[in-house]
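Peer 1: Below you'll find the structure I mean.
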Amino acid sequence: MNDEINYQNNPLHGLSLKNLLIEIVDHYGFEILFAYLNINCFNKNPSIDSAVKYLKKTDWAREKVEAFYLYKFKSLPRASDEQFELPPRDRIVPPNQIPGPPAELSLEDAERLREKRVKKAAQHDQEKSQRAAPAKRTSDHSNTSASDSDPWAKWRK
């Protein structure tokens, strides 16, 4: 029995990070990549080599770029919940799903998406603060006078 998983249908299989970046930068450019992914290596003095160097060191950023490649550039449908938990290179794409043409992206769409994410994060933070509003801790020494709270007060005269 073959326990090895077949990743042949994953568009990332056998694709180096540098070639992946070259493909998406040639198609979208650094400005759109920064607008959608919000990773500074696409904003501050962007180059393929510096981006590859950064992405190799930073797992979360590399996974974000690889997911962008799969779902925006290759236009694959969203992964199942089980597959979404895996890093993009480890995901298995069903054989009936073939990559499509790259999605048409614009800076205006990126701005709307960013605003939507900000609203969602603010709503999440608000709900979290309402759910977990702990009662304030009271101390046994709440009736202390000013002289008790100042350790040097009894030495001053």
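Residue numbers start at 1 in each chain; chains themselves are named A, B, ... in the order of the structure tokens; ligands are numbered from 1 in the order shown.
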Tell me, which residues of chain A carry DSSP alpha helix (DSSP H), written as a PyMOL selection string?
Peer 2: chain A and resi 17-28+30-37+48-57+59-68+81-84+107-131+146-149
Peer 1: Env of segment 78-95 of chain A: 8 Å cut, atoms = only C-alpha atoms, seq-sep filter 6 positions within chain, self excluded. Answer as a PyMOL selection string.
Peer 2: chain A and resi 6-7+9-10+12-13+63+66-67+70-71
Peer 1: Interatomic distance between atom CA of Lys120 of chain A and atom CA of Cys41 of chain A?
Peer 2: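 Calculated distance between atom CA of Lys120 of chain A and atom CA of Cys41 of chain A is 25.2 Å.
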Peer 1: Between A:Asn38, A:Gln123, A:Leu21, A:Lys64, which one has atoms that come closest to Ser50 of chain A, using only C-alpha atoms?
Peer 2: A:Leu21
Peer 1: Do a neighbour search on segment 112-116 of chain A at 9 Å with only C-alpha atoms, toss out local chain neighbours closer than 4 positions, and write the hits as a list in words.
Peer 2: Ala35, Tyr36, Leu107, Glu108, Lys120 and Ala121 of chain A
Peer 1: Would you list the contacts of Asn40 of chain A as a list in words, taking every protein, DNA or RNA residue within 10 Å and counting only C-alpha atoms, but skipping same-chain residues closer than 6 positions in sequence?
Peer 2: Leu33, Phe34, Pro46, Ala51, Tyr54 and Ala61 of chain A
Peer 1: Excluding Val52 of chain A and any residue of its chain fewer than 2 positions from it, enumerate the residues within 12 Å of it, using only C-alpha atoms, and give them as a ChimeraX atom specification.
Peer 2: /A:16-22,41-42,46-50,54-59,61-62,65
Peer 1: Which of these residues is nearest to Pro102 of chain A, using only C-alpha atoms: A:Asn43, A:Gln126, A:Ser75, A:Ser149?
Peer 2: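 Going through A:Asn43, A:Gln126, A:Ser75, A:Ser149 one by one, the smallest distance to Pro102 of chain A is for A:Ser75.
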